[in-house]
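Here is the file model.txt (compact mmCIF, C-alpha atoms).
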# COMPACT_ATOMS: atom_id res chain seq x y z
CA MET A 1 0.00 0.00 0.00
CA SER A 2 2.77 2.40 1.01
CA LEU A 3 4.75 1.43 -2.11
CA GLU A 4 1.71 2.10 -4.30
CA ARG A 5 1.20 5.45 -2.63
CA ARG A 6 4.86 6.32 -3.13
CA THR A 7 4.84 5.43 -6.87
CA GLN A 8 1.69 7.50 -7.29
CA ALA A 9 3.12 10.41 -5.37
CA ARG A 10 6.28 10.58 -7.47
CA PRO A 11 4.61 11.79 -10.70
CA THR A 12 2.69 14.35 -8.65
CA GLY A 13 5.95 15.68 -7.24
CA LEU A 14 7.49 15.68 -10.71
CA PHE A 15 4.41 17.42 -12.11
CA LEU A 16 4.49 20.14 -9.45
CA THR A 17 8.24 20.64 -9.90
CA LEU A 18 7.90 20.94 -13.68
CA CYS A 19 4.94 23.32 -13.32
CA ALA A 20 6.95 25.53 -10.95
CA ALA A 21 9.89 25.45 -13.37
CA MET A 22 7.70 26.45 -16.32
CA LEU A 23 6.06 29.26 -14.36
CA LEU A 24 9.48 30.52 -13.32
CA LEU A 25 10.69 30.30 -16.92
CA ALA A 26 7.61 32.24 -18.07
CA MET A 27 8.16 34.99 -15.50
CA VAL A 28 11.90 35.23 -16.24
CA SER A 29 11.52 35.18 -20.03
CA GLN A 30 8.88 37.90 -19.76
CA GLN A 31 11.34 40.38 -18.25
CA PRO A 32 12.55 43.16 -20.56
CA TRP A 33 16.20 42.19 -20.02
CA ALA A 34 15.44 38.67 -21.29
CA ALA A 35 13.69 39.87 -24.45
CA GLY A 36 16.81 39.53 -26.61
CA ALA A 37 17.53 35.94 -25.59
CA ARG A 38 13.85 35.03 -25.93
CA SER A 39 13.63 36.50 -29.43
CA TYR A 40 16.82 34.73 -30.45
CA ALA A 41 15.48 31.40 -29.15
CA LYS A 42 12.21 31.94 -31.00
CA GLY A 43 14.03 32.50 -34.28
CA THR A 44 15.62 29.04 -34.14
CA LEU A 45 12.60 27.17 -35.45
CA ALA A 46 11.90 29.62 -38.30
CA PRO A 47 14.09 27.89 -40.94
CA LEU A 48 12.44 24.53 -40.20
CA GLU A 49 9.01 26.14 -40.39
CA ALA A 50 9.92 27.74 -43.73
CA ALA A 51 10.98 24.35 -45.12
CA MET A 52 7.79 22.75 -43.82
CA MET A 53 5.66 25.53 -45.29
CA ALA A 54 7.37 25.15 -48.67
CA ALA A 55 6.70 21.41 -48.56
CA SER A 56 3.11 22.14 -47.62
CA ASP A 57 2.68 24.47 -50.61
CA ARG A 58 4.24 21.91 -52.94
CA VAL A 59 1.96 19.13 -51.70
CA GLY A 60 -1.02 21.44 -52.07
CA ALA A 61 -0.04 22.35 -55.61
CA PHE A 62 0.45 18.70 -56.59
CA THR A 63 -2.85 17.76 -55.02
CA ALA A 64 -4.57 20.46 -57.02
CA VAL A 65 -2.95 19.21 -60.21
CA PHE A 66 -4.01 15.62 -59.57
CA GLY A 67 -7.52 16.76 -58.74
CA ASP A 68 -7.76 18.71 -61.99
CA ASN A 69 -6.40 15.79 -63.95
CA ALA A 70 -8.95 13.41 -62.49
CA ARG A 71 -11.75 15.70 -63.67
CA LEU A 72 -10.18 16.22 -67.08
CA ARG A 73 -9.63 12.49 -67.57
CA ALA A 74 -13.35 11.98 -67.24
CA GLU A 75 -13.92 14.60 -69.95
CA ASN A 76 -11.13 13.70 -72.31
CA GLN A 77 -9.20 10.40 -72.30
CA SER A 78 -6.33 11.85 -74.27
CA LEU A 79 -5.13 13.75 -71.19
CA GLN A 80 -4.20 10.40 -69.60
CA ALA A 81 -0.99 10.50 -71.62
CA GLN A 82 0.10 13.64 -69.86
CA ASP A 83 3.69 13.39 -68.79
CA ALA A 84 4.62 13.34 -65.07
CA GLU A 85 7.33 15.92 -65.69
CA LEU A 86 4.74 18.22 -67.24
CA GLN A 87 2.54 17.81 -64.17
CA ARG A 88 5.42 18.80 -61.92
CA GLN A 89 6.05 21.87 -64.07
CA ILE A 90 2.38 22.81 -63.93
CA ALA A 91 2.44 22.49 -60.15
CA GLU A 92 5.50 24.70 -59.90
CA LEU A 93 3.97 27.26 -62.25
CA GLN A 94 0.76 27.32 -60.23
CA ALA A 95 2.72 27.96 -57.03
CA ALA A 96 4.80 30.65 -58.76
CA GLY A 97 1.64 32.22 -60.18
CA GLN A 98 0.10 32.52 -56.73
CA ASP A 99 3.24 34.19 -55.41
CA ASN A 100 3.25 36.57 -58.41
CA ILE A 101 -0.34 37.60 -57.69
CA ALA A 102 0.55 38.28 -54.04
CA LEU A 103 3.64 40.28 -55.01
CA ARG A 104 1.70 42.29 -57.62
CA GLN A 105 -0.92 43.11 -54.99
CA ALA A 106 1.88 44.12 -52.64
CA LEU A 107 3.28 46.55 -55.19
CA GLU A 108 -0.17 48.04 -55.81
CA PHE A 109 -0.57 48.44 -52.04
CA GLN A 110 2.67 50.40 -51.83
CA ARG A 111 1.57 52.70 -54.66
CA ALA A 112 -1.94 53.20 -53.26
CA TYR A 113 -1.08 53.88 -49.62
CA GLY A 114 2.29 55.57 -50.03
CA HIS A 115 3.80 53.83 -47.02
CA ALA A 116 7.33 52.49 -47.18
CA SER A 117 7.18 48.75 -46.81
CA MET A 118 9.09 45.52 -47.27
CA THR A 119 7.77 42.17 -48.41
CA ALA A 120 8.04 39.14 -46.17
CA GLN A 121 7.14 35.52 -46.60
CA VAL A 122 4.88 33.72 -44.15
CA VAL A 123 6.82 30.75 -42.77
CA GLY A 124 4.59 29.61 -39.92
CA ARG A 125 1.37 30.13 -38.01
CA GLY A 126 0.26 30.22 -34.38
CA PRO A 127 0.10 26.92 -32.49
CA ASP A 128 -3.56 27.12 -31.44
CA GLY A 129 -6.78 29.06 -31.74
CA PHE A 130 -5.79 31.33 -28.86
CA SER A 131 -2.88 32.83 -30.75
CA LEU A 132 -3.84 33.35 -34.37
CA THR A 133 -0.48 34.67 -35.41
CA VAL A 134 1.74 34.27 -38.44
CA GLU A 135 5.52 34.02 -38.46
CA ILE A 136 7.41 35.89 -41.18
CA ASP A 137 10.95 35.48 -42.48
CA ARG A 138 12.04 39.08 -41.72
CA GLY A 139 13.33 40.26 -38.37
CA THR A 140 15.33 42.92 -36.59
CA ALA A 141 18.26 42.37 -38.99
CA ASP A 142 15.95 43.62 -41.77
CA GLY A 143 14.63 46.55 -39.75
CA VAL A 144 11.45 44.93 -38.46
CA ARG A 145 10.44 46.13 -34.98
CA PRO A 146 7.60 45.17 -32.61
CA GLY A 147 4.58 47.42 -33.22
CA MET A 148 5.07 47.70 -36.98
CA VAL A 149 1.92 47.24 -39.03
CA VAL A 150 1.61 44.34 -41.45
CA ALA A 151 -0.69 44.32 -44.48
CA SER A 152 -1.27 42.39 -47.66
CA GLY A 153 -2.37 43.60 -51.07
CA ALA A 154 -5.95 43.10 -49.91
CA GLY A 155 -5.69 45.05 -46.65
CA LEU A 156 -4.63 44.99 -43.01
CA VAL A 157 -3.18 41.75 -41.62
CA GLY A 158 -2.06 42.76 -38.11
CA ARG A 159 0.91 43.99 -36.15
CA VAL A 160 4.38 42.70 -35.33
CA ARG A 161 4.34 41.49 -31.75
CA GLU A 162 7.84 40.06 -31.41
CA ALA A 163 10.90 40.23 -33.62
CA ALA A 164 13.92 37.93 -33.69
CA PRO A 165 16.99 38.66 -35.87
CA HIS A 166 15.62 36.79 -38.91
CA ALA A 167 11.97 36.14 -38.03
CA ALA A 168 9.02 37.94 -36.47
CA ILE A 169 5.65 36.97 -35.02
CA VAL A 170 2.68 38.96 -36.31
CA GLN A 171 -0.55 39.08 -34.32
CA THR A 172 -3.31 38.92 -36.95
CA LEU A 173 -6.67 40.64 -36.67
CA ALA A 174 -8.27 37.20 -36.21
CA ASP A 175 -6.37 36.67 -32.94
CA PRO A 176 -8.87 36.71 -30.05
CA GLN A 177 -6.66 39.26 -28.28
CA SER A 178 -6.52 41.67 -31.24
CA ARG A 179 -8.24 45.08 -31.01
CA VAL A 180 -8.31 47.71 -33.79
CA SER A 181 -10.06 51.09 -33.82
CA ALA A 182 -12.10 51.31 -37.02
CA PHE A 183 -14.81 53.22 -38.85
CA LEU A 184 -17.32 52.34 -41.53
CA ALA A 185 -16.58 54.07 -44.83
CA GLN A 186 -20.22 54.67 -45.81
CA SER A 187 -21.98 55.47 -42.55
CA GLY A 188 -18.99 56.91 -40.71
CA VAL A 189 -19.83 54.95 -37.56
CA GLU A 190 -16.81 54.20 -35.39
CA GLY A 191 -16.01 51.24 -33.19
CA THR A 192 -13.53 48.53 -32.30
CA VAL A 193 -12.84 45.45 -34.38
CA MET A 194 -12.00 42.38 -32.31
CA GLY A 195 -10.71 38.96 -33.27
CA GLY A 196 -12.29 35.70 -32.25
CA ALA A 197 -13.58 32.39 -33.46
CA GLY A 198 -14.74 32.67 -37.08
CA ASN A 199 -15.39 36.19 -38.40
CA LEU A 200 -14.15 39.44 -36.89
CA GLN A 201 -16.57 41.25 -34.59
CA MET A 202 -17.02 45.03 -34.49
CA GLN A 203 -18.26 46.69 -31.35
CA ILE A 204 -20.02 49.83 -32.59
CA ASN A 205 -20.14 53.17 -30.80
CA PRO A 206 -23.77 54.22 -31.46
CA ARG A 207 -24.23 57.62 -33.15
CA PHE A 208 -27.57 59.26 -33.73
CA GLY A 209 -28.67 59.16 -37.37
CA ALA A 210 -25.88 56.90 -38.57
CA VAL A 211 -26.98 53.40 -39.52
CA PRO A 212 -24.47 50.79 -40.62
CA SER A 213 -25.47 48.42 -43.37
CA ASN A 214 -24.26 45.16 -44.84
CA GLY A 215 -21.46 45.60 -47.36
CA ASP A 216 -20.16 48.78 -45.70
CA TRP A 217 -16.34 48.86 -45.86
CA VAL A 218 -14.53 48.73 -42.51
CA MET A 219 -11.33 50.79 -42.35
CA THR A 220 -8.78 51.59 -39.64
CA SER A 221 -9.59 54.92 -37.97
CA GLY A 222 -6.12 55.62 -36.55
CA VAL A 223 -7.65 56.32 -33.12
CA GLY A 224 -5.26 55.25 -30.37
CA GLY A 225 -2.25 55.36 -32.66
CA GLY A 226 -1.94 51.62 -33.09
CA TYR A 227 -2.56 51.65 -36.84
CA PRO A 228 -2.46 54.30 -39.58
CA ARG A 229 -5.85 55.58 -40.73
CA GLY A 230 -7.43 54.24 -43.91
CA LEU A 231 -6.28 50.63 -44.14
CA VAL A 232 -8.97 48.24 -45.35
CA ILE A 233 -10.05 45.64 -42.79
CA GLY A 234 -13.10 44.07 -44.42
CA LYS A 235 -16.80 44.41 -45.14
CA VAL A 236 -19.78 44.34 -42.80
CA ALA A 237 -21.39 40.91 -43.17
CA SER A 238 -24.25 41.42 -40.71
CA VAL A 239 -25.41 43.95 -38.12
CA SER A 240 -26.75 43.00 -34.70
CA TYR A 241 -29.09 45.03 -32.48
CA ASN A 242 -29.58 45.06 -28.72
CA ALA A 243 -32.83 45.05 -26.74
CA ALA A 244 -33.31 48.82 -27.16
CA SER A 245 -33.11 48.36 -30.97
CA THR A 246 -29.91 50.36 -31.19
CA VAL A 247 -26.96 48.97 -33.09
CA ALA A 248 -24.75 46.87 -30.86
CA GLY A 249 -22.25 45.34 -33.21
CA ALA A 250 -21.43 43.94 -36.59
CA THR A 251 -19.83 40.84 -37.99
CA VAL A 252 -16.99 41.76 -40.31
CA SER A 253 -15.85 39.63 -43.20
CA TRP A 254 -12.06 40.06 -43.19
CA VAL A 255 -10.40 40.71 -46.55
CA ASN A 256 -7.54 38.37 -45.63
CA ASP A 257 -7.67 34.66 -45.01
CA PRO A 258 -4.97 33.90 -42.39
CA ALA A 259 -4.67 30.31 -43.61
CA GLY A 260 -4.06 31.50 -47.17
CA LEU A 261 -1.51 34.27 -46.51
CA THR A 262 1.83 33.57 -48.19
CA VAL A 263 3.36 37.03 -48.76
CA VAL A 264 2.79 40.11 -46.58
CA LEU A 265 4.06 43.68 -46.38
CA VAL A 266 5.64 45.12 -43.26
CA ILE A 267 5.02 48.89 -43.15
CA THR A 268 8.37 50.24 -42.04
CA ASP A 269 7.60 53.97 -41.72
CA PHE A 270 4.88 53.58 -39.07
CA THR A 271 5.25 52.02 -35.64
CA GLY A 272 2.08 51.77 -33.59
CA SER A 273 1.97 53.12 -30.06
CA MET B 274 17.25 5.44 -30.06
CA THR B 275 13.62 5.61 -28.86
CA TRP B 276 14.29 9.06 -27.45
CA ILE B 277 15.69 10.27 -30.76
CA VAL B 278 12.69 8.92 -32.66
CA GLY B 279 10.38 10.45 -30.03
CA ALA B 280 12.10 13.82 -30.25
CA ALA B 281 11.96 13.76 -34.05
CA LEU B 282 8.25 12.87 -33.99
CA MET B 283 7.52 15.60 -31.44
CA LEU B 284 9.38 18.17 -33.54
CA LEU B 285 7.48 17.00 -36.60
CA ALA B 286 4.17 17.32 -34.70
CA VAL B 287 5.06 20.88 -33.69
CA LEU B 288 6.07 21.84 -37.24
CA VAL B 289 2.89 20.35 -38.70
CA GLN B 290 0.94 22.12 -35.95
CA VAL B 291 2.26 25.55 -36.93
CA THR B 292 2.24 25.09 -40.72
CA TRP B 293 -0.47 22.68 -41.90
CA ALA B 294 -2.95 22.43 -39.03
CA PRO B 295 -4.24 26.05 -39.22
CA SER B 296 -5.49 25.39 -42.76
CA LEU B 297 -7.89 22.83 -41.23
CA SER B 298 -9.53 25.57 -39.15
CA LEU B 299 -13.18 25.01 -38.26
CA PHE B 300 -15.10 27.64 -36.26
CA GLY B 301 -11.75 29.31 -35.54
CA ALA B 302 -10.26 26.20 -33.94
CA PHE B 303 -7.90 23.61 -35.35
CA PRO B 304 -6.47 20.35 -34.04
CA ASN B 305 -3.69 20.49 -31.48
CA LEU B 306 -1.47 17.65 -32.66
CA VAL B 307 1.02 18.12 -29.83
CA LEU B 308 -1.68 17.80 -27.19
CA VAL B 309 -3.06 14.72 -28.96
CA ALA B 310 0.46 13.23 -29.05
CA VAL B 311 1.00 13.94 -25.35
CA VAL B 312 -2.33 12.30 -24.42
CA ALA B 313 -1.49 9.26 -26.57
CA ILE B 314 2.00 8.95 -25.06
CA THR B 315 0.69 9.28 -21.50
CA TRP B 316 -2.06 6.76 -22.21
CA SER B 317 0.28 4.15 -23.65
CA ARG B 318 3.59 4.82 -21.87
CA GLY B 319 2.65 6.27 -18.50
CA GLN B 320 2.51 9.57 -16.68
CA ARG B 321 6.25 10.16 -16.39
CA ALA B 322 6.83 9.80 -20.13
CA GLY B 323 3.79 12.00 -20.73
CA LEU B 324 5.08 14.74 -18.44
CA PHE B 325 8.51 14.65 -20.11
CA TRP B 326 7.14 14.91 -23.65
CA ALA B 327 4.61 17.55 -22.53
CA CYS B 328 7.54 19.68 -21.41
CA VAL B 329 9.46 19.14 -24.66
CA GLY B 330 6.44 19.71 -26.92
CA GLY B 331 5.22 22.67 -24.88
CA LEU B 332 8.54 24.47 -25.01
CA LEU B 333 8.74 23.90 -28.77
CA LEU B 334 5.22 25.38 -29.11
CA ASP B 335 6.26 28.32 -26.95
CA LEU B 336 9.05 29.02 -29.43
CA THR B 337 6.43 29.53 -32.16
CA ALA B 338 3.92 31.56 -30.12
CA PRO B 339 4.05 35.19 -29.01
CA GLY B 340 4.74 35.94 -25.36
CA PRO B 341 7.03 34.33 -22.79
CA LEU B 342 8.34 30.76 -22.84
CA GLY B 343 6.46 28.34 -20.62
CA PRO B 344 2.65 28.76 -20.87
CA HIS B 345 2.17 26.04 -23.50
CA ALA B 346 4.45 23.67 -21.60
CA LEU B 347 2.50 24.39 -18.41
CA ALA B 348 -0.83 23.73 -20.18
CA LEU B 349 0.45 20.48 -21.69
CA LEU B 350 1.81 19.36 -18.31
CA ALA B 351 -1.68 19.77 -16.85
CA GLY B 352 -3.09 17.72 -19.74
CA ALA B 353 -0.49 14.95 -19.27
CA TYR B 354 -1.03 14.82 -15.52
CA LEU B 355 -4.81 14.59 -15.92
CA THR B 356 -4.46 11.87 -18.57
CA GLY B 357 -2.13 9.88 -16.29
CA PHE B 358 -4.60 10.18 -13.44
CA TRP B 359 -7.45 9.16 -15.79
CA VAL B 360 -5.74 6.08 -17.28
CA ARG B 361 -4.92 4.72 -13.82
CA ASN B 362 -8.62 4.56 -13.00
CA VAL B 363 -10.07 3.05 -16.19
CA ASP B 364 -9.41 0.16 -18.53
CA PRO B 365 -6.56 1.48 -20.69
CA ALA B 366 -7.42 -0.86 -23.58
CA GLY B 367 -10.86 0.73 -24.09
CA LEU B 368 -11.49 3.08 -27.00
CA VAL B 369 -14.08 5.42 -25.50
CA GLN B 370 -12.09 6.57 -22.46
CA PRO B 371 -9.17 8.11 -24.40
CA VAL B 372 -11.63 10.07 -26.51
CA ILE B 373 -13.39 11.48 -23.44
CA ALA B 374 -10.06 12.10 -21.69
CA THR B 375 -8.78 14.05 -24.70
CA ALA B 376 -11.86 16.26 -24.76
CA VAL B 377 -11.50 17.00 -21.04
CA CYS B 378 -7.73 17.53 -21.42
CA THR B 379 -8.32 20.04 -24.22
CA GLY B 380 -10.60 21.98 -21.88
CA VAL B 381 -8.01 21.89 -19.09
CA TYR B 382 -5.22 22.80 -21.53
CA SER B 383 -7.22 25.81 -22.77
CA ALA B 384 -8.11 26.92 -19.24
CA VAL B 385 -4.48 26.69 -18.05
CA LEU B 386 -3.23 28.50 -21.14
CA VAL B 387 -5.67 31.38 -20.73
CA GLY B 388 -5.11 31.38 -16.94
CA ALA B 389 -1.33 31.52 -17.35
CA ASP B 390 -1.62 34.43 -19.79
CA ASP B 391 -3.90 36.22 -17.31
CA LEU B 392 -1.45 35.53 -14.47
CA LEU B 393 1.37 36.97 -16.56
CA ASN B 394 -0.71 40.09 -17.35
CA LEU B 395 -0.94 39.21 -21.03
CA PRO B 396 -4.11 39.93 -23.02
CA VAL B 397 -6.65 37.09 -22.89
CA PRO B 398 -9.69 36.34 -25.05
CA THR B 399 -13.18 36.97 -23.71
CA PRO B 400 -14.64 33.97 -21.81
CA SER B 401 -17.26 33.27 -24.50
CA VAL B 402 -14.64 33.20 -27.27
CA ALA B 403 -12.33 31.02 -25.15
CA VAL B 404 -15.11 28.52 -24.45
CA GLU B 405 -16.12 28.44 -28.12
CA LEU B 406 -12.53 27.81 -29.26
CA ALA B 407 -11.89 25.21 -26.54
CA PHE B 408 -15.07 23.31 -27.41
CA ALA B 409 -14.28 23.18 -31.14
CA ALA B 410 -10.68 22.13 -30.42
CA ALA B 411 -11.91 19.42 -27.99
CA VAL B 412 -14.08 17.88 -30.71
CA TYR B 413 -11.22 18.04 -33.20
CA ASN B 414 -8.63 16.55 -30.83
CA SER B 415 -10.95 13.78 -29.67
CA ALA B 416 -11.38 12.65 -33.26
CA LEU B 417 -7.62 12.38 -33.70
CA VAL B 418 -6.58 10.65 -30.49
CA LEU B 419 -7.38 7.06 -31.48
CA PRO B 420 -5.07 7.00 -34.54
CA ALA B 421 -2.37 8.69 -32.42
CA LEU B 422 -2.85 6.07 -29.72
CA LEU B 423 -2.46 3.26 -32.26
CA VAL B 424 0.79 4.82 -33.52
CA SER B 425 2.10 5.27 -29.97
CA ARG B 426 1.26 1.64 -29.03
CA ARG B 427 2.87 0.34 -32.20
CA LEU B 428 6.05 2.35 -31.56
CA ARG B 429 6.16 0.98 -28.03
CA ARG B 430 5.75 -2.62 -29.26
CA GLU B 431 8.51 -2.14 -31.82
CA ALA B 432 10.81 -0.58 -29.24
CA ALA B 433 10.14 -3.49 -26.89
CA ALA B 434 10.83 -6.03 -29.66
Is it possible to express this structure as structure tokens?
Amino acid sequence: MSLERRTQARPTGLFLTLCAAMLLLAMVSQQPWAAGARSYAKGTLAPLEAAMMAASDRVGAFTAVFGDNARLRAENQSLQAQDAELQRQIAELQAAGQDNIALRQALEFQRAYGHASMTAQVVGRGPDGFSLTVEIDRGTADGVRPGMVVASGAGLVGRVREAAPHAAIVQTLADPQSRVSAFLAQSGVEGTVMGGAGNLQMQINPRFGAVPSNGDWVMTSGVGGGYPRGLVIGKVASVSYNAASTVAGATVSWVNDPAGLTVVLVITDFTGS
Amino acid sequence: MTWIVGAALMLLAVLVQVTWAPSLSLFGAFPNLVLVAVVAITWSRGQRAGLFWACVGGLLLDLTAPGPLGPHALALLAGAYLTGFWVRNVDPAGLVQPVIATAVCTGVYSAVLVGADDLLNLPVPTPSVAVELAFAAAVYNSALVLPALLVSRRLRREAAA
């Protein structure tokens, strides 16, 4: 009995010791003087993530090619003779085409908004639904600093939260902890866009006479200094009302899909407060 | 040799977690392969092994997440400890218990993760969003634990042979 109790107690002791060690590590690594070492440690996995992401894209492209071929085979038997080398080339061209579209959008963004920016490739994503972040392949060695705003050709992506020498973690708008001051382009109503499960949510500051409607563009307002004014966030998908029939909030359809982001722009001439 | 294979598999699980898994997002949540692996290891190899791999996997996850190092490891340790406690009190060969244990562990993992962030004065999601995400992740993880358990048992048999 005592032996059984002792063998059961041991993992509990080990568990408590490990928990204490992890808590201590969390508190120590949170200190400002440990930020450099922490950032450096976080950059170590970035090359492996980049390789994994490249493999992921390649598999996706090949899968798409095989899917297309299966459909085409049903329509035309002559396509069965298609060469494997040709399929590989098609896959590579598809992947390159997607990157070209993203880069072209990035260039248009730079021209339209006039902000100085640098392109960065997405090499990883957050580990769970509580941290919907993306990791990019640019860091402090490239001039990236925490607080810098990140966008894509379509619109706002988020903000750099941590930067290592050759990698940085960007908190996206979909992150449950993300908050952005915004306004609706048509109605002029202001509010705060918050991340969360599924679509973005906008908490609206009610204003007499202003009524938001579906399809209204949501833009950054610049209030609070976290983001520059005028960046596109998304479109109002639906408006909700409270018991007093005044507008309470809106569901926002984000212009970016965090799972589909491959290339982003880091705005280098604006650092949020 | 087993440790090297284990470490390689855990690293692979973390890399898949932060590259491929988010594309399987459903209602904002996606499977936590590292948590599933830790539950499977604890179920088939015992609490000590589970706690060790929870620490390793958690620290690797912390390297990919914003904020300090430690919260993911802490959350996984809680999941491993609970799984070890669970498996001692049920028939480990059954198929239903690991599924239920994984769902409960996902809830505990989420609660510890949010609690640790709160304790460290980091921003936390609203309770309703946290519950929604934890519930969706619990369903996802529960669906994946049986294949992971089969792999873990097979690896153990091969290591023993």
Inset, instruction - Return the single residue from A:Val149, A:Ala54, A:Leu184, A:Val211 that is closest to A:Tyr227, with distances computed using all atoms listed in the file. - result: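 Answer, going by the shortest atom-to-atom distance: A:Val149.
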Inset, instruction - Pull out every residue of chain B sitting within 8 Å of chain A, counting all atoms listed in the file, and send them as JSON, numbers by chain. - result: {"B": [287, 288, 289, 290, 291, 292, 293, 295, 296, 299, 300, 301, 302, 303, 304, 305, 320, 321, 324, 328, 334, 336, 337, 338, 339, 340, 341, 342, 343, 344, 346, 347, 350, 354, 393, 396, 397, 398, 399, 402, 403, 405, 406]}
Inset, instruction - In Å, rounded to a single decimal, give me how far atom CA of B:Leu417 is from atom CA of B:Pro365. - result: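 Distance reported for this atom pair: 17.0 Å.
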Inset, instruction - Show me as a PyMOL selection string the residues that reach within 12 Å of (-2.5, 20.1, -18.8), counting only C-alpha atoms and using the file's own coordinates. - result: (chain A and resi 15-16+18-19) or (chain B and resi 307-309+311-312+315+320+323-324+326-328+331+344-358+374-389)
Inset, instruction - Go through A:Gly155, A:Gly209, A:Gly234, A:Gly224 and flag the residue nearest A:Leu265, using only C-alpha atoms for the distances. - result: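 Of A:Gly155, A:Gly209, A:Gly234, A:Gly224, the one nearest A:Leu265, counting only C-alpha atoms, is A:Gly155.
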